[in-house]
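Student: There's a structure below that I have some questions on.
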Amino acid sequence: MDRNELHYTMPMGSPDWWYLNIGFLIGLTLLFAVSYKANHKKLTWIAWILAFIIGGNHIAGHIEALINGVWEAKTHLPFHLCSFSAILSVFFLITRKQWTYEFLIFWSAGAIHAFITPEITDGDSVFNRWEFGIAHGGIIATSFFATIKLGFRPRAKSWLKVFAYTQLTLPIVGIINYLLDSNYMYIAQRPEANNPFIIGDWPWYILGLEFAVLLHFYVFYWIHKRIPQVKML
């Protein structure tokens with residue numbers, strides 16, 4: 001059985017791809033425009049509004065799937081890494097916990113690739129494209145908002161710790177995939193997206209992804225560690 005049968009993959013450089021990425025850049029620009037020289041009170045309000053948008057978008061996705069009769073446990077439970085990250089974004093924006101920040105900035109690497117090689121799990125409807133863009137864009141926006149505007153920065157070796165904890169999710173999600181015949185975190189079947197880090201068939205591409213994840217975590221650690229030193233906004 002094809003676990004990716006409902007997936008819609010946007011070809012890089014296609015009109016849909018440009019709309020998605022330009023929309024994300026516009027949203028990110030607006031976020032930092034409204035937070036320019038914002039005081040603590042205004043930043044708190046912005047964080048709450050951002051949390052409302054991301055959380056509301058996540059709930060709306062489930063409601064839309066239920067209304068259209070396509071909601072299934074094997075495709076709509078929040079067990080993709082980006083689903084974890086979207087929920088974590090809301091939790092961070094409300095609580096401002098350091099550990100949630102560190103998980104978020106490293107897991108946001110997946111959201112970056114979601115814009116480079118988009119693969120929408122629910123199909124190609126206009127709603128699904130908007131929901132996909134807001135969900136993944138919200139993850140990236142929250143991580144950089146936390147670093148640039150809220151003054152957070154990753155602790156030493158946090159990238160290694162988050163990588164180690166991320167490994168604990170694999171057997172749990174693997175069991176869920178086995179029970180539901182699902183493909184959460186793409187560990188039961190390779191994604192359809194033409195991503196250069198996806199090499200080989202199952203299960204060998206998972207080894208390549210593990211190396212890519214570790215590399216991305218370190219790069220994102222380096223980026224977020226140094227962003228506060230740049231007088232951006």
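If you're wondering about the labels, chains in the structure tokens are A, B, ... by order shown, residues count from 1 in each chain, ligands from 1 in order shown.
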Show me, as CSV, the residues of stretch 135-209 of chain A having an atom within 12 Å of stretch 10-22 of chain A, each with the closest atom pair and its distance in Å, using only C-alpha atoms.
Tutor:
```
residue,atom,partner,partner_atom,distance
A:Ala135,CA,A:Leu20,CA,11.8
A:His136,CA,A:Leu20,CA,10.6
A:Gly137,CA,A:Asn21,CA,9.2
A:Glu192,CA,A:Met10,CA,10.0
A:Ala193,CA,A:Met10,CA,8.0
A:Asn194,CA,A:Pro11,CA,8.3
A:Asn195,CA,A:Met12,CA,10.1
```
Student: For A:Gly174, please output as a ChimeraX atom specification all residues within 9 Å (counting only C-alpha atoms; exclusion window: fewer than 4 positions along the same chain).
Tutor: /A:169-170,178-179,183-185,187-188
Student: Measuring between only C-alpha atoms, which one of A:Val34, A:Leu180, A:Leu77, A:Ala47 shows the shortest distance to A:His62?
Tutor: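 For A:His62, the nearest of the given residues is A:Leu77.
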Student: What does the structure give for the distance between atom CA of A:Val90 and atom CA of A:Ala51, in Å to one decimal?
Tutor: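 Answer for the atom CA of A:Val90 to atom CA of A:Ala51 separation: 4.7 Å.
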Student: As a PDB file with C-alpha atoms, in the first residue's frame, list the residues of stretch 7-232 of chain A assigned to alpha helix (DSSP H) by DSSP on the backbone atoms of this structure.
Tutor:
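Output file result_31.pdb follows:
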```pdb
ATOM      1  CA  PRO A  15       4.072  28.780  -9.813  1.00  0.00           C
ATOM      2  CA  ASP A  16       2.730  27.026  -6.682  1.00  0.00           C
ATOM      3  CA  TRP A  17       6.272  26.846  -5.296  1.00  0.00           C
ATOM      4  CA  TRP A  18       6.855  30.551  -5.878  1.00  0.00           C
ATOM      5  CA  TYR A  19       3.494  31.517  -4.325  1.00  0.00           C
ATOM      6  CA  LEU A  20       4.309  29.429  -1.249  1.00  0.00           C
ATOM      7  CA  ASN A  21       7.795  30.827  -0.740  1.00  0.00           C
ATOM      8  CA  ILE A  22       6.977  34.443  -1.563  1.00  0.00           C
ATOM      9  CA  GLY A  23       3.996  34.257   0.793  1.00  0.00           C
ATOM     10  CA  PHE A  24       6.277  32.977   3.553  1.00  0.00           C
ATOM     11  CA  LEU A  25       8.810  35.771   2.996  1.00  0.00           C
ATOM     12  CA  ILE A  26       6.044  38.382   3.080  1.00  0.00           C
ATOM     13  CA  GLY A  27       4.701  36.950   6.335  1.00  0.00           C
ATOM     14  CA  LEU A  28       8.175  36.855   7.906  1.00  0.00           C
ATOM     15  CA  THR A  29       8.839  40.447   6.815  1.00  0.00           C
ATOM     16  CA  LEU A  30       5.537  41.604   8.332  1.00  0.00           C
ATOM     17  CA  LEU A  31       6.350  39.885  11.623  1.00  0.00           C
ATOM     18  CA  PHE A  32       9.651  41.720  12.004  1.00  0.00           C
ATOM     19  CA  ALA A  33       8.186  44.983  10.686  1.00  0.00           C
ATOM     20  CA  VAL A  34       5.516  45.086  13.407  1.00  0.00           C
ATOM     21  CA  HIS A  40       8.396  44.160  26.130  1.00  0.00           C
ATOM     22  CA  LYS A  41       4.604  44.587  26.309  1.00  0.00           C
ATOM     23  CA  LYS A  42       4.227  44.793  22.530  1.00  0.00           C
ATOM     24  CA  LEU A  43       6.489  41.777  21.999  1.00  0.00           C
ATOM     25  CA  THR A  44       4.309  39.795  24.404  1.00  0.00           C
ATOM     26  CA  TRP A  45       1.211  40.722  22.433  1.00  0.00           C
ATOM     27  CA  ILE A  46       2.909  39.762  19.170  1.00  0.00           C
ATOM     28  CA  ALA A  47       3.928  36.413  20.657  1.00  0.00           C
ATOM     29  CA  TRP A  48       0.357  35.697  21.744  1.00  0.00           C
ATOM     30  CA  ILE A  49      -1.044  36.659  18.327  1.00  0.00           C
ATOM     31  CA  LEU A  50       1.526  34.440  16.610  1.00  0.00           C
ATOM     32  CA  ALA A  51       0.607  31.575  18.951  1.00  0.00           C
ATOM     33  CA  PHE A  52      -3.080  32.109  18.126  1.00  0.00           C
ATOM     34  CA  ILE A  53      -2.407  32.030  14.368  1.00  0.00           C
ATOM     35  CA  ILE A  54      -0.290  28.863  14.520  1.00  0.00           C
ATOM     36  CA  GLY A  55      -2.593  27.080  16.961  1.00  0.00           C
ATOM     37  CA  GLY A  56      -5.746  28.168  15.131  1.00  0.00           C
ATOM     38  CA  ASN A  57      -4.288  27.020  11.824  1.00  0.00           C
ATOM     39  CA  HIS A  58      -3.492  23.594  13.314  1.00  0.00           C
ATOM     40  CA  ILE A  59      -7.033  23.202  14.675  1.00  0.00           C
ATOM     41  CA  ALA A  60      -8.542  24.462  11.413  1.00  0.00           C
ATOM     42  CA  GLY A  61      -6.688  21.745   9.512  1.00  0.00           C
ATOM     43  CA  HIS A  62      -8.347  19.045  11.604  1.00  0.00           C
ATOM     44  CA  ILE A  63     -11.785  20.674  11.347  1.00  0.00           C
ATOM     45  CA  GLU A  64     -11.504  20.961   7.555  1.00  0.00           C
ATOM     46  CA  ALA A  65     -10.515  17.301   7.259  1.00  0.00           C
ATOM     47  CA  LEU A  66     -13.421  16.231   9.495  1.00  0.00           C
ATOM     48  CA  ILE A  67     -15.934  18.319   7.514  1.00  0.00           C
ATOM     49  CA  ALA A  73      -5.765   8.483  12.374  1.00  0.00           C
ATOM     50  CA  LYS A  74      -3.089   7.259   9.976  1.00  0.00           C
ATOM     51  CA  THR A  75      -2.688  10.657   8.338  1.00  0.00           C
ATOM     52  CA  HIS A  76      -3.892  13.385  10.717  1.00  0.00           C
ATOM     53  CA  LEU A  81       8.184  16.282  13.244  1.00  0.00           C
ATOM     54  CA  CYS A  82       6.715  19.497  11.855  1.00  0.00           C
ATOM     55  CA  SER A  83       3.428  18.783  13.669  1.00  0.00           C
ATOM     56  CA  PHE A  84       5.428  18.405  16.888  1.00  0.00           C
ATOM     57  CA  SER A  85       7.156  21.676  16.066  1.00  0.00           C
ATOM     58  CA  ALA A  86       3.943  23.601  15.359  1.00  0.00           C
ATOM     59  CA  ILE A  87       2.505  22.566  18.718  1.00  0.00           C
ATOM     60  CA  LEU A  88       5.836  23.335  20.376  1.00  0.00           C
ATOM     61  CA  SER A  89       5.811  26.802  18.774  1.00  0.00           C
ATOM     62  CA  VAL A  90       2.535  27.616  20.495  1.00  0.00           C
ATOM     63  CA  PHE A  91       3.794  26.211  23.797  1.00  0.00           C
ATOM     64  CA  PHE A  92       7.015  28.235  23.583  1.00  0.00           C
ATOM     65  CA  LEU A  93       5.292  31.507  22.682  1.00  0.00           C
ATOM     66  CA  ILE A  94       3.067  31.144  25.760  1.00  0.00           C
ATOM     67  CA  THR A  95       5.564  29.771  28.285  1.00  0.00           C
ATOM     68  CA  GLN A  98      14.414  27.467  27.254  1.00  0.00           C
ATOM     69  CA  TRP A  99      14.133  23.765  26.458  1.00  0.00           C
ATOM     70  CA  THR A 100      11.171  24.359  24.131  1.00  0.00           C
ATOM     71  CA  TYR A 101      13.183  27.053  22.354  1.00  0.00           C
ATOM     72  CA  GLU A 102      16.087  24.681  21.766  1.00  0.00           C
ATOM     73  CA  PHE A 103      13.905  21.885  20.414  1.00  0.00           C
ATOM     74  CA  LEU A 104      12.120  24.399  18.211  1.00  0.00           C
ATOM     75  CA  ILE A 105      15.158  25.973  16.563  1.00  0.00           C
ATOM     76  CA  PHE A 106      16.646  22.591  15.680  1.00  0.00           C
ATOM     77  CA  TRP A 107      13.413  20.959  14.569  1.00  0.00           C
ATOM     78  CA  SER A 108      12.689  24.007  12.396  1.00  0.00           C
ATOM     79  CA  ALA A 109      15.274  22.613   9.969  1.00  0.00           C
ATOM     80  CA  GLY A 110      12.522  20.333   8.677  1.00  0.00           C
ATOM     81  CA  ALA A 111      10.254  23.323   8.103  1.00  0.00           C
ATOM     82  CA  ILE A 112      12.971  24.993   6.030  1.00  0.00           C
ATOM     83  CA  HIS A 113      13.053  21.953   3.751  1.00  0.00           C
ATOM     84  CA  ALA A 114       9.255  22.001   3.608  1.00  0.00           C
ATOM     85  CA  PHE A 115       9.565  25.251   1.650  1.00  0.00           C
ATOM     86  CA  ILE A 116      12.461  24.075  -0.512  1.00  0.00           C
ATOM     87  CA  VAL A 126      -6.163  25.885  -1.752  1.00  0.00           C
ATOM     88  CA  PHE A 127      -6.898  25.383   1.941  1.00  0.00           C
ATOM     89  CA  ASN A 128      -4.243  22.688   2.255  1.00  0.00           C
ATOM     90  CA  ARG A 129      -1.652  24.959   0.667  1.00  0.00           C
ATOM     91  CA  TRP A 130      -2.486  27.804   3.055  1.00  0.00           C
ATOM     92  CA  GLU A 131      -2.523  25.472   6.054  1.00  0.00           C
ATOM     93  CA  PHE A 132       0.819  24.001   5.025  1.00  0.00           C
ATOM     94  CA  GLY A 133       2.410  27.419   4.519  1.00  0.00           C
ATOM     95  CA  ILE A 134       1.167  28.863   7.814  1.00  0.00           C
ATOM     96  CA  ALA A 135       2.130  25.753   9.797  1.00  0.00           C
ATOM     97  CA  HIS A 136       5.689  25.521   8.512  1.00  0.00           C
ATOM     98  CA  GLY A 137       6.181  29.265   8.185  1.00  0.00           C
ATOM     99  CA  GLY A 138       5.003  29.701  11.771  1.00  0.00           C
ATOM    100  CA  ILE A 139       7.644  27.276  13.017  1.00  0.00           C
ATOM    101  CA  ILE A 140      10.472  29.147  11.282  1.00  0.00           C
ATOM    102  CA  ALA A 141       9.096  32.573  12.223  1.00  0.00           C
ATOM    103  CA  THR A 142       8.777  31.607  15.887  1.00  0.00           C
ATOM    104  CA  SER A 143      12.320  30.264  16.086  1.00  0.00           C
ATOM    105  CA  PHE A 144      13.884  33.425  14.636  1.00  0.00           C
ATOM    106  CA  PHE A 145      11.511  35.710  16.542  1.00  0.00           C
ATOM    107  CA  ALA A 146      12.660  34.016  19.754  1.00  0.00           C
ATOM    108  CA  THR A 147      16.329  34.533  18.918  1.00  0.00           C
ATOM    109  CA  ILE A 148      16.228  38.003  17.382  1.00  0.00           C
ATOM    110  CA  SER A 158      22.116  21.680  23.038  1.00  0.00           C
ATOM    111  CA  TRP A 159      22.162  20.528  19.410  1.00  0.00           C
ATOM    112  CA  LEU A 160      23.595  17.171  20.482  1.00  0.00           C
ATOM    113  CA  LYS A 161      21.117  16.795  23.325  1.00  0.00           C
ATOM    114  CA  VAL A 162      18.126  17.559  21.107  1.00  0.00           C
ATOM    115  CA  PHE A 163      19.444  15.123  18.502  1.00  0.00           C
ATOM    116  CA  ALA A 164      19.700  12.408  21.173  1.00  0.00           C
ATOM    117  CA  TYR A 165      16.176  13.073  22.454  1.00  0.00           C
ATOM    118  CA  THR A 166      14.864  13.103  18.885  1.00  0.00           C
ATOM    119  CA  GLN A 167      16.118   9.537  18.469  1.00  0.00           C
ATOM    120  CA  LEU A 168      13.742   8.467  21.234  1.00  0.00           C
ATOM    121  CA  THR A 169      10.784   9.466  19.063  1.00  0.00           C
ATOM    122  CA  LEU A 170      11.758   7.078  16.265  1.00  0.00           C
ATOM    123  CA  PRO A 171      10.810   3.722  17.891  1.00  0.00           C
ATOM    124  CA  ILE A 172       7.607   5.231  19.313  1.00  0.00           C
ATOM    125  CA  VAL A 173       6.527   6.649  15.954  1.00  0.00           C
ATOM    126  CA  GLY A 174       7.673   3.422  14.275  1.00  0.00           C
ATOM    127  CA  ILE A 175       5.267   1.411  16.438  1.00  0.00           C
ATOM    128  CA  ILE A 176       2.469   3.873  15.660  1.00  0.00           C
ATOM    129  CA  ASN A 177       3.202   3.512  11.947  1.00  0.00           C
ATOM    130  CA  TYR A 178       3.082  -0.272  12.254  1.00  0.00           C
ATOM    131  CA  LEU A 179      -0.245  -0.224  14.110  1.00  0.00           C
ATOM    132  CA  LEU A 180      -1.921   2.375  11.869  1.00  0.00           C
ATOM    133  CA  TRP A 204      18.761   3.114   3.863  1.00  0.00           C
ATOM    134  CA  TYR A 205      17.530   6.648   3.227  1.00  0.00           C
ATOM    135  CA  ILE A 206      16.830   6.913   6.972  1.00  0.00           C
ATOM    136  CA  LEU A 207      20.559   6.622   7.688  1.00  0.00           C
ATOM    137  CA  GLY A 208      21.248   9.473   5.284  1.00  0.00           C
ATOM    138  CA  LEU A 209      18.546  11.562   6.906  1.00  0.00           C
ATOM    139  CA  GLU A 210      20.050  10.930  10.345  1.00  0.00           C
ATOM    140  CA  PHE A 211      23.374  12.341   9.156  1.00  0.00           C
ATOM    141  CA  ALA A 212      21.587  15.284   7.511  1.00  0.00           C
ATOM    142  CA  VAL A 213      19.618  15.996  10.698  1.00  0.00           C
ATOM    143  CA  LEU A 214      22.776  16.039  12.813  1.00  0.00           C
ATOM    144  CA  LEU A 215      24.469  18.373  10.331  1.00  0.00           C
ATOM    145  CA  HIS A 216      21.438  20.678  10.197  1.00  0.00           C
ATOM    146  CA  PHE A 217      21.208  20.799  13.996  1.00  0.00           C
ATOM    147  CA  TYR A 218      24.799  21.987  14.249  1.00  0.00           C
ATOM    148  CA  VAL A 219      24.337  24.579  11.487  1.00  0.00           C
ATOM    149  CA  PHE A 220      21.205  25.940  13.159  1.00  0.00           C
ATOM    150  CA  TYR A 221      23.030  26.021  16.491  1.00  0.00           C
ATOM    151  CA  TRP A 222      25.802  28.077  14.876  1.00  0.00           C
ATOM    152  CA  ILE A 223      23.289  30.438  13.215  1.00  0.00           C
ATOM    153  CA  HIS A 224      21.138  31.080  16.278  1.00  0.00           C
ATOM    154  CA  LYS A 225      24.179  31.411  18.534  1.00  0.00           C
ATOM    155  CA  ARG A 226      25.448  34.294  16.404  1.00  0.00           C
TER     156      ARG A 226
END
```
Student: How many Å separate atom CA of A:Glu119 from atom CA of A:Pro203?
Tutor: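 These atoms are spaced 19.7 Å apart.
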Student: So how many Å separate atom CA of A:Asp181 and atom CA of A:Pro78, to one decimal?
Tutor: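 Distance reported for this atom pair: 15.1 Å.
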Student: Counting only C-alpha atoms, which of A:Ser35, A:Thr117, A:Asn4, A:Thr9 gets nearest to A:Leu150?
Tutor: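 Comparing A:Ser35, A:Thr117, A:Asn4, A:Thr9 against A:Leu150, the winner is A:Ser35.
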